[in-house]
file start-v3.pdb (PDB, C-alpha atoms)
ATOM      1  CA  MET P   1     -85.349-182.387 -62.425
ATOM      2  CA  GLY P   2     -86.727-178.869 -62.687
ATOM      3  CA  SER P   3     -86.495-176.697 -65.771
ATOM      4  CA  PRO P   4     -86.232-173.009 -66.729
ATOM      5  CA  VAL P   5     -89.299-170.816 -66.315
ATOM      6  CA  SER P   6     -89.859-167.476 -67.999
ATOM      7  CA  VAL P   7     -91.674-164.620 -66.263
ATOM      8  CA  LEU P   8     -92.541-161.991 -68.847
ATOM      9  CA  ASN P   9     -94.367-158.688 -68.717
ATOM     10  CA  VAL P  10     -96.809-158.128 -71.588
ATOM     11  CA  LYS P  11     -96.715-154.475 -72.592
ATOM     12  CA  ASP P  12    -100.112-154.402 -74.287
ATOM     13  CA  PRO P  13    -102.303-157.554 -74.147
ATOM     14  CA  ARG P  14    -104.458-156.164 -76.941
ATOM     15  CA  THR P  15    -101.631-156.366 -79.487
ATOM     16  CA  ASP P  16     -98.550-158.055 -78.041
ATOM     17  CA  LEU P  17     -99.688-161.508 -76.910
ATOM     18  CA  PRO P  18     -98.444-163.621 -79.878
ATOM     19  CA  GLU P  19     -95.034-161.929 -79.800
ATOM     20  CA  SER P  20     -94.878-162.217 -76.001
ATOM     21  CA  ILE P  21     -95.640-165.939 -76.162
ATOM     22  CA  LEU P  22     -92.893-166.440 -78.749
ATOM     23  CA  GLN P  23     -90.490-164.451 -76.575
ATOM     24  CA  SER P  24     -91.352-166.514 -73.507
ATOM     25  CA  LEU P  25     -90.747-169.734 -75.453
ATOM     26  CA  ALA P  26     -87.374-168.432 -76.596
ATOM     27  CA  LEU P  27     -86.418-167.605 -73.008
ATOM     28  CA  ILE P  28     -86.949-171.223 -71.918
ATOM     29  CA  GLU P  29     -85.415-172.564 -75.159
ATOM     30  CA  PHE P  30     -88.571-174.519 -75.927
ATOM     31  CA  LYS P  31     -88.027-177.436 -78.310
ATOM     32  CA  TRP P  32     -90.988-177.865 -80.631
ATOM     33  CA  PRO P  33     -92.024-181.548 -80.948
ATOM     34  CA  LEU P  34     -91.763-183.210 -84.342
ATOM     35  CA  ASN P  35     -94.666-184.727 -86.294
ATOM     36  CA  VAL P  36     -97.461-182.947 -84.452
ATOM     37  CA  ASN P  37    -100.921-183.829 -85.753
ATOM     38  CA  SER P  38    -103.023-183.234 -82.621
ATOM     39  CA  ILE P  39    -102.833-180.196 -80.335
ATOM     40  CA  ILE P  40    -104.971-179.759 -77.221
ATOM     41  CA  ILE P  41    -105.076-176.550 -75.200
ATOM     42  CA  LYS P  42    -106.525-176.816 -71.690
ATOM     43  CA  PRO P  43    -107.537-173.473 -70.114
ATOM     44  CA  ASN P  44    -108.888-173.016 -66.602
ATOM     45  CA  LEU P  45    -112.654-172.494 -66.822
ATOM     46  CA  CYS P  46    -113.496-173.424 -63.253
ATOM     47  CA  TYR P  47    -116.816-171.585 -63.309
ATOM     48  CA  TYR P  48    -118.680-168.905 -65.284
ATOM     49  CA  TRP P  49    -116.579-166.008 -64.019
ATOM     50  CA  ASN P  50    -115.345-163.546 -66.624
ATOM     51  CA  PRO P  51    -111.507-163.401 -66.995
ATOM     52  CA  SER P  52    -111.594-159.896 -65.503
ATOM     53  CA  THR P  53    -112.233-161.563 -62.119
ATOM     54  CA  GLY P  54    -108.888-163.368 -62.251
ATOM     55  CA  GLN P  55    -110.694-166.710 -61.987
ATOM     56  CA  THR P  56    -110.668-168.005 -65.583
ATOM     57  CA  THR P  57    -108.217-168.091 -68.476
ATOM     58  CA  ASP P  58    -108.457-165.121 -70.810
ATOM     59  CA  PRO P  59    -109.480-166.362 -74.297
ATOM     60  CA  ARG P  60    -107.111-163.808 -75.817
ATOM     61  CA  ILE P  61    -104.167-165.840 -74.522
ATOM     62  CA  VAL P  62    -105.606-169.066 -75.910
ATOM     63  CA  GLY P  63    -106.233-167.311 -79.233
ATOM     64  CA  ALA P  64    -102.633-166.088 -79.365
ATOM     65  CA  ILE P  65    -101.359-169.604 -78.590
ATOM     66  CA  ILE P  66    -103.507-170.979 -81.406
ATOM     67  CA  ASP P  67    -101.960-168.452 -83.807
ATOM     68  CA  VAL P  68     -98.442-169.398 -82.704
ATOM     69  CA  VAL P  69     -98.907-173.169 -82.956
ATOM     70  CA  ARG P  70    -100.817-172.931 -86.234
ATOM     71  CA  GLU P  71     -97.888-171.069 -87.743
ATOM     72  CA  LYS P  72     -95.651-173.943 -86.623
ATOM     73  CA  TYR P  73     -98.055-176.791 -87.473
ATOM     74  CA  PRO P  74    -100.450-175.516 -90.187
ATOM     75  CA  SER P  75    -102.141-178.881 -90.780
ATOM     76  CA  ALA P  76    -102.517-180.001 -87.157
ATOM     77  CA  ASN P  77    -105.925-180.508 -85.547
ATOM     78  CA  ILE P  78    -106.320-178.063 -82.652
ATOM     79  CA  GLY P  79    -108.812-178.402 -79.814
ATOM     80  CA  ILE P  80    -109.671-176.380 -76.700
ATOM     81  CA  ALA P  81    -110.550-178.768 -73.883
ATOM     82  CA  GLU P  82    -112.171-178.493 -70.471
ATOM     83  CA  ALA P  83    -113.949-180.916 -68.147
ATOM     84  CA  ASP P  84    -117.183-180.466 -66.235
ATOM     85  CA  ALA P  85    -116.803-179.461 -62.584
ATOM     86  CA  SER P  86    -118.940-179.815 -59.485
ATOM     87  CA  ALA P  87    -120.937-176.670 -60.261
ATOM     88  CA  MET P  88    -119.890-175.936 -63.851
ATOM     89  CA  ARG P  89    -120.878-177.504 -67.142
ATOM     90  CA  THR P  90    -118.444-177.077 -69.990
ATOM     91  CA  ARG P  91    -121.223-176.735 -72.575
ATOM     92  CA  HIS P  92    -122.314-173.548 -70.781
ATOM     93  CA  ALA P  93    -118.838-172.240 -69.902
ATOM     94  CA  PHE P  94    -117.607-172.275 -73.503
ATOM     95  CA  PRO P  95    -120.207-169.781 -74.817
ATOM     96  CA  VAL P  96    -120.433-167.701 -71.635
ATOM     97  CA  LEU P  97    -116.655-167.146 -71.459
ATOM     98  CA  GLY P  98    -116.131-166.451 -75.155
ATOM     99  CA  TYR P  99    -114.631-169.783 -76.195
ATOM    100  CA  THR P 100    -117.387-170.738 -78.628
ATOM    101  CA  ARG P 101    -116.787-167.500 -80.508
ATOM    102  CA  LEU P 102    -113.022-168.030 -80.337
ATOM    103  CA  ALA P 103    -113.325-171.575 -81.706
ATOM    104  CA  GLU P 104    -115.414-170.321 -84.617
ATOM    105  CA  GLU P 105    -112.964-167.528 -85.389
ATOM    106  CA  LYS P 106    -109.885-169.756 -85.201
ATOM    107  CA  LYS P 107    -111.589-172.827 -86.714
ATOM    108  CA  VAL P 108    -110.667-175.150 -83.862
ATOM    109  CA  ALA P 109    -112.650-177.780 -81.978
ATOM    110  CA  LEU P 110    -114.184-177.538 -78.515
ATOM    111  CA  ILE P 111    -113.744-180.670 -76.419
ATOM    112  CA  ASN P 112    -115.670-181.620 -73.298
ATOM    113  CA  LEU P 113    -113.236-183.912 -71.498
ATOM    114  CA  SER P 114    -116.051-185.367 -69.384
ATOM    115  CA  GLU P 115    -117.598-186.721 -72.594
ATOM    116  CA  ASP P 116    -114.291-188.126 -73.827
ATOM    117  CA  ILE P 117    -113.291-191.780 -73.544
ATOM    118  CA  LEU P 118    -112.204-191.993 -69.906
ATOM    119  CA  GLU P 119    -109.624-194.470 -68.685
ATOM    120  CA  GLU P 120    -109.657-195.390 -65.008
ATOM    121  CA  LYS P 121    -106.191-195.228 -63.496
ATOM    122  CA  THR P 122    -105.541-196.447 -59.957
ATOM    123  CA  LEU P 123    -102.409-195.369 -58.140
ATOM    124  CA  ASN P 124    -101.099-195.030 -54.614
ATOM    125  CA  ILE P 125    -100.192-191.517 -53.527
ATOM    126  CA  ASN P 126     -98.920-190.754 -50.036
ATOM    127  CA  GLY P 127    -100.305-194.045 -48.749
ATOM    128  CA  HIS P 128    -103.761-193.480 -50.248
ATOM    129  CA  GLU P 129    -105.237-195.411 -53.171
ATOM    130  CA  LEU P 130    -106.870-193.141 -55.735
ATOM    131  CA  THR P 131    -108.846-193.995 -58.853
ATOM    132  CA  LEU P 132    -108.830-191.189 -61.396
ATOM    133  CA  LYS P 133    -110.649-190.974 -64.702
ATOM    134  CA  VAL P 134    -108.244-189.680 -67.342
ATOM    135  CA  PRO P 135    -109.456-188.433 -70.758
ATOM    136  CA  GLN P 136    -107.937-190.460 -73.547
ATOM    137  CA  SER P 137    -107.522-187.480 -75.890
ATOM    138  CA  LEU P 138    -105.063-185.818 -73.509
ATOM    139  CA  GLN P 139    -102.953-188.935 -73.316
ATOM    140  CA  LYS P 140    -102.789-189.211 -77.090
ATOM    141  CA  SER P 141    -102.206-185.537 -77.920
ATOM    142  CA  ASP P 142     -98.949-184.782 -79.739
ATOM    143  CA  LEU P 143     -98.803-181.346 -78.112
ATOM    144  CA  PHE P 144    -100.665-180.774 -74.843
ATOM    145  CA  ILE P 145    -100.622-177.153 -73.641
ATOM    146  CA  ASN P 146    -101.750-176.325 -70.119
ATOM    147  CA  VAL P 147    -103.005-172.707 -69.890
ATOM    148  CA  SER P 148    -103.574-172.122 -66.206
ATOM    149  CA  LYS P 149    -104.338-169.098 -64.013
ATOM    150  CA  LEU P 150    -102.304-167.308 -61.365
ATOM    151  CA  LYS P 151    -104.472-167.203 -58.254
ATOM    152  CA  VAL P 152    -104.835-168.150 -54.614
ATOM    153  CA  MET P 153    -106.922-170.945 -53.141
ATOM    154  CA  ARG P 154    -107.698-171.550 -49.487
ATOM    155  CA  GLN P 155    -107.064-175.297 -49.541
ATOM    156  CA  THR P 156    -103.824-175.260 -51.530
ATOM    157  CA  THR P 157    -102.389-171.731 -51.043
ATOM    158  CA  ILE P 158    -101.875-171.360 -54.804
ATOM    159  CA  THR P 159    -103.756-172.789 -57.759
ATOM    160  CA  CYS P 160    -101.829-172.698 -60.991
ATOM    161  CA  ALA P 161    -100.197-175.275 -63.304
ATOM    162  CA  MET P 162    -100.531-178.527 -61.353
ATOM    163  CA  LYS P 163    -104.001-177.700 -60.038
ATOM    164  CA  ASN P 164    -105.229-177.085 -63.601
ATOM    165  CA  ILE P 165    -104.192-180.646 -64.459
ATOM    166  CA  PHE P 166    -106.349-181.834 -61.538
ATOM    167  CA  GLY P 167    -109.166-180.136 -63.474
ATOM    168  CA  CYS P 168    -108.635-182.648 -66.294
ATOM    169  CA  ILE P 169    -110.257-185.420 -64.238
ATOM    170  CA  GLY P 170    -113.234-186.557 -66.296
ATOM    171  CA  THR P 171    -115.466-186.985 -63.241
ATOM    172  CA  PRO P 172    -117.674-183.873 -62.976
ATOM    173  CA  ARG P 173    -118.030-183.916 -59.179
ATOM    174  CA  LYS P 174    -114.375-183.389 -58.366
ATOM    175  CA  VAL P 175    -115.401-182.174 -54.925
ATOM    176  CA  LYS P 176    -115.265-185.815 -53.829
ATOM    177  CA  TYR P 177    -111.472-185.646 -54.127
ATOM    178  CA  HIS P 178    -111.127-182.621 -51.850
ATOM    179  CA  PRO P 179    -110.480-184.653 -48.657
ATOM    180  CA  LEU P 180    -107.344-185.879 -50.472
ATOM    181  CA  LEU P 181    -106.845-182.854 -52.682
ATOM    182  CA  LYS P 182    -103.052-182.691 -52.669
ATOM    183  CA  GLU P 183    -102.884-186.429 -53.390
ATOM    184  CA  ALA P 184    -105.310-186.079 -56.314
ATOM    185  CA  ILE P 185    -103.352-183.117 -57.710
ATOM    186  CA  VAL P 186    -100.094-185.045 -57.594
ATOM    187  CA  GLY P 187    -101.759-188.192 -58.929
ATOM    188  CA  MET P 188    -103.105-186.443 -62.029
ATOM    189  CA  ASN P 189     -99.725-184.833 -62.626
ATOM    190  CA  LYS P 190     -98.149-188.273 -62.538
ATOM    191  CA  LEU P 191    -100.579-189.421 -65.207
ATOM    192  CA  LEU P 192    -100.615-186.321 -67.421
ATOM    193  CA  ARG P 193     -97.477-184.348 -68.259
ATOM    194  CA  PRO P 194     -98.240-181.398 -70.541
ATOM    195  CA  HIS P 195     -95.538-180.470 -73.020
ATOM    196  CA  LEU P 196     -95.931-176.784 -72.206
ATOM    197  CA  THR P 197     -97.565-174.621 -69.549
ATOM    198  CA  VAL P 198     -98.495-170.978 -70.101
ATOM    199  CA  VAL P 199     -99.857-169.165 -67.046
ATOM    200  CA  ASP P 200    -102.340-166.358 -67.588
ATOM    201  CA  GLY P 201    -101.282-163.617 -65.206
ATOM    202  CA  LEU P 202    -102.852-160.758 -67.132
ATOM    203  CA  VAL P 203    -105.367-160.452 -64.315
ATOM    204  CA  ALA P 204    -104.404-162.544 -61.300
ATOM    205  CA  LEU P 205    -106.455-163.294 -58.204
ATOM    206  CA  GLY P 206    -104.832-162.255 -54.952
ATOM    207  CA  GLN P 207    -106.490-160.234 -52.234
ATOM    208  CA  HIS P 208    -108.712-159.144 -55.126
ATOM    209  CA  PRO P 209    -108.411-159.301 -58.923
ATOM    210  CA  ILE P 210    -105.206-157.475 -59.860
ATOM    211  CA  ARG P 211    -103.869-156.581 -63.297
ATOM    212  CA  LEU P 212    -100.274-157.837 -63.547
ATOM    213  CA  ASN P 213     -99.930-158.356 -67.325
ATOM    214  CA  LEU P 214     -97.685-161.374 -66.692
ATOM    215  CA  LEU P 215     -97.043-164.574 -68.604
ATOM    216  CA  ILE P 216     -95.290-167.438 -66.818
ATOM    217  CA  THR P 217     -94.102-170.184 -69.147
ATOM    218  CA  GLY P 218     -92.338-173.517 -68.675
ATOM    219  CA  THR P 219     -92.255-177.146 -69.718
ATOM    220  CA  ASP P 220     -92.480-178.635 -66.209
ATOM    221  CA  ALA P 221     -95.623-177.960 -64.168
ATOM    222  CA  PHE P 222     -93.813-178.257 -60.826
ATOM    223  CA  SER P 223     -91.217-175.705 -61.926
ATOM    224  CA  VAL P 224     -93.948-173.344 -63.097
ATOM    225  CA  ASP P 225     -95.760-173.595 -59.762
ATOM    226  CA  TYR P 226     -92.462-173.005 -57.943
ATOM    227  CA  ALA P 227     -92.052-169.787 -59.967
ATOM    228  CA  ALA P 228     -95.702-168.866 -59.325
ATOM    229  CA  CYS P 229     -95.053-169.127 -55.572
ATOM    230  CA  ARG P 230     -92.127-166.744 -55.961
ATOM    231  CA  VAL P 231     -94.278-164.269 -57.904
ATOM    232  CA  MET P 232     -96.949-164.427 -55.189
ATOM    233  CA  GLY P 233     -94.419-164.125 -52.374
ATOM    234  CA  TYR P 234     -95.073-167.586 -50.933
ATOM    235  CA  ASP P 235     -92.535-170.173 -49.790
ATOM    236  CA  PRO P 236     -92.806-173.196 -52.151
ATOM    237  CA  HIS P 237     -91.742-175.436 -49.266
ATOM    238  CA  LYS P 238     -94.943-174.531 -47.424
ATOM    239  CA  VAL P 239     -97.266-175.569 -50.257
ATOM    240  CA  GLY P 240     -98.519-179.060 -49.477
ATOM    241  CA  PHE P 241     -98.952-180.468 -52.984
ATOM    242  CA  LEU P 242     -95.487-179.235 -54.023
ATOM    243  CA  ASN P 243     -93.914-180.997 -51.044
ATOM    244  CA  LEU P 244     -95.833-184.145 -51.935
ATOM    245  CA  ALA P 245     -94.733-183.855 -55.577
ATOM    246  CA  ARG P 246     -91.116-183.862 -54.402
ATOM    247  CA  LYS P 247     -91.790-186.915 -52.250
ATOM    248  CA  GLU P 248     -93.492-188.736 -55.134
ATOM    249  CA  GLY P 249     -90.621-187.998 -57.508
ATOM    250  CA  ILE P 250     -92.356-185.640 -59.949
ATOM    251  CA  GLY P 251     -90.857-182.395 -58.712
ATOM    252  CA  SER P 252     -87.424-181.006 -57.949
ATOM    253  CA  GLU P 253     -85.921-177.557 -57.492
ATOM    254  CA  ASP P 254     -82.714-178.688 -59.196
ATOM    255  CA  GLY P 255     -82.536-177.052 -62.609
ATOM    256  CA  ILE P 256     -85.159-174.363 -61.985
ATOM    257  CA  SER P 257     -84.066-170.930 -63.131
ATOM    258  CA  LEU P 258     -86.175-167.820 -63.593
ATOM    259  CA  ARG P 259     -85.707-165.942 -66.845
ATOM    260  CA  GLY P 260     -87.106-162.630 -68.010
ATOM    261  CA  VAL P 261     -88.448-160.648 -65.038
ATOM    262  CA  THR P 262     -86.344-161.684 -62.038
ATOM    263  CA  ASP P 263     -87.254-158.941 -59.532
ATOM    264  CA  LEU P 264     -90.616-160.206 -58.317
ATOM    265  CA  THR P 265     -91.020-158.157 -55.127
ATOM    266  CA  SER P 266     -93.481-155.686 -56.635
ATOM    267  CA  TYR P 267     -95.896-158.472 -57.601
ATOM    268  CA  SER P 268     -96.004-160.289 -54.255
ATOM    269  CA  LYS P 269     -97.574-157.263 -52.545
ATOM    270  CA  SER P 270    -100.826-158.016 -54.378
ATOM    271  CA  PHE P 271    -101.326-161.400 -52.716
ATOM    272  CA  PRO P 272    -102.570-162.195 -49.203
ATOM    273  CA  ARG P 273    -100.167-163.459 -46.605
ATOM    274  CA  PRO P 274    -100.187-167.231 -46.114
ATOM    275  CA  ASN P 275    -102.559-167.192 -43.119
ATOM    276  CA  PHE P 276    -105.356-165.937 -45.409
ATOM    277  CA  MET P 277    -107.344-164.795 -42.365
ATOM    278  CA  LEU P 278    -108.829-161.669 -43.919
ATOM    279  CA  SER P 279    -109.334-163.381 -47.263
ATOM    280  CA  LYS P 280    -111.138-166.278 -45.591
ATOM    281  CA  LEU P 281    -113.489-163.859 -43.847
ATOM    282  CA  LEU P 282    -114.194-161.918 -47.038
ATOM    283  CA  TRP P 283    -114.764-165.104 -49.031
ATOM    284  CA  ARG P 284    -117.187-166.426 -46.416
ATOM    285  CA  VAL P 285    -119.208-163.228 -46.647
ATOM    286  CA  GLN P 286    -119.188-163.331 -50.449
ATOM    287  CA  PHE P 287    -120.127-166.987 -50.583
ATOM    288  CA  SER P 288    -122.930-166.556 -48.059
ATOM    289  CA  LEU P 289    -124.394-163.857 -50.288
ATOM    290  CA  ILE P 290    -124.064-166.089 -53.354
ATOM    291  CA  LYS P 291    -125.671-168.966 -51.478
ATOM    292  CA  ALA P 292    -128.583-166.721 -50.517
ATOM    293  CA  TYR P 293    -128.896-165.686 -54.156
ATOM    294  CA  LYS P 294    -128.945-169.334 -55.196
ATOM    295  CA  GLN P 295    -131.729-170.122 -52.764
ATOM    296  CA  PHE P 296    -133.698-167.129 -54.023
ATOM    297  CA  SER P 297    -133.114-167.611 -57.766
ATOM    298  CA  GLY P 298    -132.460-171.343 -58.164
ATOM    299  CA  ASP P 299    -129.236-170.540 -60.019
ATOM    300  CA  ILE P 300    -126.213-172.834 -59.790
ATOM    301  CA  ILE P 301    -123.691-172.257 -56.987
ATOM    302  CA  PRO P 302    -119.888-171.968 -57.216
ATOM    303  CA  PRO P 303    -117.763-175.047 -56.462
ATOM    304  CA  ALA P 304    -116.338-173.408 -53.316
ATOM    305  CA  LEU P 305    -119.730-173.737 -51.621
ATOM    306  CA  GLU P 306    -119.604-177.496 -52.111
ATOM    307  CA  GLU P 307    -116.089-177.947 -50.694
TER     308      GLU P 307
END

call {"tool": "encode", "arguments": {"input": "start-v3.pdb", "output": "structure tokens"}}
result
Amino acid sequence: MGSPVSVLNVKDPRTDLPESILQSLALIEFKWPLNVNSIIIKPNLCYYWNPSTGQTTDPRIVGAIIDVVREKYPSANIGIAEADASAMRTRHAFPVLGYTRLAEEKKVALINLSEDILEEKTLNINGHELTLKVPQSLQKSDLFINVSKLKVMRQTTITCAMKNIFGCIGTPRKVKYHPLLKEAIVGMNKLLRPHLTVVDGLVALGQHPIRLNLLITGTDAFSVDYAACRVMGYDPHKVGFLNLARKEGIGSEDGISLRGVTDLTSYSKSFPRPNFMLSKLLWRVQFSLIKAYKQFSGDIIPPALEE
């Protein structure tokens, strides 16, 4: 069963984020869990790109969420968590993207999920057997908040709430799952169900980075991704992992309602059409230049070059 999703415009991200987050929670009638001792916030830090690129979660949103939950649960332990990726190491991403400074300011922990206790979970998705390594801390958290990005991805059309849960896999080289990417996305979302998802749409990634000043908020990751498709102007029925989620029983359109901003036509113009032909060409050019730079400098390469 789907659930309500709020789409909210943030007037001024420099000052209004805490109030905007509270407003978005009110719109979806969020029920705060009782007896919360452990809170984990999982942003999207897929690489070392600054949030201005639309690729990574803006630490200002995470900071505002920390302020909101600390007001509600003053004695709870709060952690910001991310896992290593094929071409990203969390220990570098935290300082480069401003999360080390944020953690010091807010007095919260930084958690590398790849160094957590990992539990191997084997499940059958779409006729394929997958073994996924799931961080124990996420399974035991009293309040797990998924703070994803609003952006496009060649392989999946969109990458937002459910794809950010795929990023929780403790295995650093997640590229090995890309031949069965939609199955791995759905599998992780069967194993991990965040209590809340907040999508950073301050700067989204469409045809290029675009400032939208949006927050998308919901309690069901499928419902949030359904709303994200609407914002981007894509048909949710043409997104492979959403179709598979329906088939696997972890997604349904029944019960989804958009609250807050309901006229989304102005936003969809900023995103490429589903064939992605021009975007693919531009990305290939960009990635070839980055690959040449890597060969010249010895620097690490983005995950997309390993796909």

call {"tool": "closest_residue", "arguments": {"input": "start-v3.pdb", "among": "P:Glu129, P:Asp225, P:Asp220, P:Glu19", "to": "Leu180 of chain P", "atoms": "only C-alpha atoms"}}
result
P:Glu129

call {"tool": "closest_residue", "arguments": {"input": "start-v3.pdb", "among": "P:Pro43, P:Gly255, P:Pro172, P:Gly167", "to": "Met88 of chain P", "atoms": "all atoms listed in the file"}}
result
P:Pro172

call {"tool": "resolve_selection", "arguments": {"input": "start-v3.pdb", "expression": "the PyMOL selection byres ((chain P and resi 74) around 12)", "output": "mmCIF file with C-alpha atoms, in the coordinates of the input"}}
result
data_model
loop_
_atom_site.group_PDB
_atom_site.id
_atom_site.type_symbol
_atom_site.label_atom_id
_atom_site.label_comp_id
_atom_site.auth_asym_id
_atom_site.auth_seq_id
_atom_site.Cartn_x
_atom_site.Cartn_y
_atom_site.Cartn_z
ATOM 1 C CA ASN P 35 -94.666 -184.727 -86.294
ATOM 2 C CA VAL P 36 -97.461 -182.947 -84.452
ATOM 3 C CA ASN P 37 -100.921 -183.829 -85.753
ATOM 4 C CA SER P 38 -103.023 -183.234 -82.621
ATOM 5 C CA ILE P 39 -102.833 -180.196 -80.335
ATOM 6 C CA ILE P 66 -103.507 -170.979 -81.406
ATOM 7 C CA ASP P 67 -101.960 -168.452 -83.807
ATOM 8 C CA VAL P 68 -98.442 -169.398 -82.704
ATOM 9 C CA VAL P 69 -98.907 -173.169 -82.956
ATOM 10 C CA ARG P 70 -100.817 -172.931 -86.234
ATOM 11 C CA GLU P 71 -97.888 -171.069 -87.743
ATOM 12 C CA LYS P 72 -95.651 -173.943 -86.623
ATOM 13 C CA TYR P 73 -98.055 -176.791 -87.473
ATOM 14 C CA SER P 75 -102.141 -178.881 -90.780
ATOM 15 C CA ALA P 76 -102.517 -180.001 -87.157
ATOM 16 C CA ASN P 77 -105.925 -180.508 -85.547
ATOM 17 C CA ILE P 78 -106.320 -178.063 -82.652
ATOM 18 C CA LYS P 107 -111.589 -172.827 -86.714
#

call {"tool": "resolve_selection", "arguments": {"input": "start-v3.pdb", "expression": "the PyMOL selection byres ((chain P and resi 142-154) around 9)", "output": "PyMOL selection string"}}
result
chain P and resi 32-44+54-58+61-62+138-141+155-165+193-207+209+216+221+228+232+271-272+276+279-280

call {"tool": "write_last_selection", "arguments": {"input": "start-v3.pdb", "atoms": "C-alpha atoms", "output": "mmCIF file, in the coordinates of the input"}}
result
data_model
loop_
_atom_site.group_PDB
_atom_site.id
_atom_site.type_symbol
_atom_site.label_atom_id
_atom_site.label_comp_id
_atom_site.auth_asym_id
_atom_site.auth_seq_id
_atom_site.Cartn_x
_atom_site.Cartn_y
_atom_site.Cartn_z
ATOM 1 C CA TRP P 32 -90.988 -177.865 -80.631
ATOM 2 C CA PRO P 33 -92.024 -181.548 -80.948
ATOM 3 C CA LEU P 34 -91.763 -183.210 -84.342
ATOM 4 C CA ASN P 35 -94.666 -184.727 -86.294
ATOM 5 C CA VAL P 36 -97.461 -182.947 -84.452
ATOM 6 C CA ASN P 37 -100.921 -183.829 -85.753
ATOM 7 C CA SER P 38 -103.023 -183.234 -82.621
ATOM 8 C CA ILE P 39 -102.833 -180.196 -80.335
ATOM 9 C CA ILE P 40 -104.971 -179.759 -77.221
ATOM 10 C CA ILE P 41 -105.076 -176.550 -75.200
ATOM 11 C CA LYS P 42 -106.525 -176.816 -71.690
ATOM 12 C CA PRO P 43 -107.537 -173.473 -70.114
ATOM 13 C CA ASN P 44 -108.888 -173.016 -66.602
ATOM 14 C CA GLY P 54 -108.888 -163.368 -62.251
ATOM 15 C CA GLN P 55 -110.694 -166.710 -61.987
ATOM 16 C CA THR P 56 -110.668 -168.005 -65.583
ATOM 17 C CA THR P 57 -108.217 -168.091 -68.476
ATOM 18 C CA ASP P 58 -108.457 -165.121 -70.810
ATOM 19 C CA ILE P 61 -104.167 -165.840 -74.522
ATOM 20 C CA VAL P 62 -105.606 -169.066 -75.910
ATOM 21 C CA LEU P 138 -105.063 -185.818 -73.509
ATOM 22 C CA GLN P 139 -102.953 -188.935 -73.316
ATOM 23 C CA LYS P 140 -102.789 -189.211 -77.090
ATOM 24 C CA SER P 141 -102.206 -185.537 -77.920
ATOM 25 C CA GLN P 155 -107.064 -175.297 -49.541
ATOM 26 C CA THR P 156 -103.824 -175.260 -51.530
ATOM 27 C CA THR P 157 -102.389 -171.731 -51.043
ATOM 28 C CA ILE P 158 -101.875 -171.360 -54.804
ATOM 29 C CA THR P 159 -103.756 -172.789 -57.759
ATOM 30 C CA CYS P 160 -101.829 -172.698 -60.991
ATOM 31 C CA ALA P 161 -100.197 -175.275 -63.304
ATOM 32 C CA MET P 162 -100.531 -178.527 -61.353
ATOM 33 C CA LYS P 163 -104.001 -177.700 -60.038
ATOM 34 C CA ASN P 164 -105.229 -177.085 -63.601
ATOM 35 C CA ILE P 165 -104.192 -180.646 -64.459
ATOM 36 C CA ARG P 193 -97.477 -184.348 -68.259
ATOM 37 C CA PRO P 194 -98.240 -181.398 -70.541
ATOM 38 C CA HIS P 195 -95.538 -180.470 -73.020
ATOM 39 C CA LEU P 196 -95.931 -176.784 -72.206
ATOM 40 C CA THR P 197 -97.565 -174.621 -69.549
ATOM 41 C CA VAL P 198 -98.495 -170.978 -70.101
ATOM 42 C CA VAL P 199 -99.857 -169.165 -67.046
ATOM 43 C CA ASP P 200 -102.340 -166.358 -67.588
ATOM 44 C CA GLY P 201 -101.282 -163.617 -65.206
ATOM 45 C CA LEU P 202 -102.852 -160.758 -67.132
ATOM 46 C CA VAL P 203 -105.367 -160.452 -64.315
ATOM 47 C CA ALA P 204 -104.404 -162.544 -61.300
ATOM 48 C CA LEU P 205 -106.455 -163.294 -58.204
ATOM 49 C CA GLY P 206 -104.832 -162.255 -54.952
ATOM 50 C CA GLN P 207 -106.490 -160.234 -52.234
ATOM 51 C CA PRO P 209 -108.411 -159.301 -58.923
ATOM 52 C CA ILE P 216 -95.290 -167.438 -66.818
ATOM 53 C CA ALA P 221 -95.623 -177.960 -64.168
ATOM 54 C CA ALA P 228 -95.702 -168.866 -59.325
ATOM 55 C CA MET P 232 -96.949 -164.427 -55.189
ATOM 56 C CA PHE P 271 -101.326 -161.400 -52.716
ATOM 57 C CA PRO P 272 -102.570 -162.195 -49.203
ATOM 58 C CA PHE P 276 -105.356 -165.937 -45.409
ATOM 59 C CA SER P 279 -109.334 -163.381 -47.263
ATOM 60 C CA LYS P 280 -111.138 -166.278 -45.591
#

call {"tool": "closest_residue", "arguments": {"input": "start-v3.pdb", "among": "P:Leu97, P:Ala83, P:Ala109, P:Val7", "to": "Ile169 of chain P", "atoms": "all atoms listed in the file"}}
result
P:Ala83

call {"tool": "resolve_selection", "arguments": {"input": "start-v3.pdb", "expression": "the PyMOL selection byres ((chain P and resi 236-239) around 10)", "output": "PyMOL selection string"}}
result
chain P and resi 155-158+182+225-230+233-235+240-244+246+253+274

call {"tool": "write_last_selection", "arguments": {"input": "start-v3.pdb", "atoms": "C-alpha atoms", "output": "short mmCIF file (atom, residue, chain, number, x, y, z; two decimals), in the coordinates of the input"}}
result
data_model
loop_
_atom_site.label_atom_id
_atom_site.label_comp_id
_atom_site.auth_asym_id
_atom_site.auth_seq_id
_atom_site.Cartn_x
_atom_site.Cartn_y
_atom_site.Cartn_z
CA GLN P 155 -107.06 -175.30 -49.54
CA THR P 156 -103.82 -175.26 -51.53
CA THR P 157 -102.39 -171.73 -51.04
CA ILE P 158 -101.88 -171.36 -54.80
CA LYS P 182 -103.05 -182.69 -52.67
CA ASP P 225 -95.76 -173.60 -59.76
CA TYR P 226 -92.46 -173.00 -57.94
CA ALA P 227 -92.05 -169.79 -59.97
CA ALA P 228 -95.70 -168.87 -59.32
CA CYS P 229 -95.05 -169.13 -55.57
CA ARG P 230 -92.13 -166.74 -55.96
CA GLY P 233 -94.42 -164.12 -52.37
CA TYR P 234 -95.07 -167.59 -50.93
CA ASP P 235 -92.54 -170.17 -49.79
CA GLY P 240 -98.52 -179.06 -49.48
CA PHE P 241 -98.95 -180.47 -52.98
CA LEU P 242 -95.49 -179.24 -54.02
CA ASN P 243 -93.91 -181.00 -51.04
CA LEU P 244 -95.83 -184.14 -51.94
CA ARG P 246 -91.12 -183.86 -54.40
CA GLU P 253 -85.92 -177.56 -57.49
CA PRO P 274 -100.19 -167.23 -46.11
#
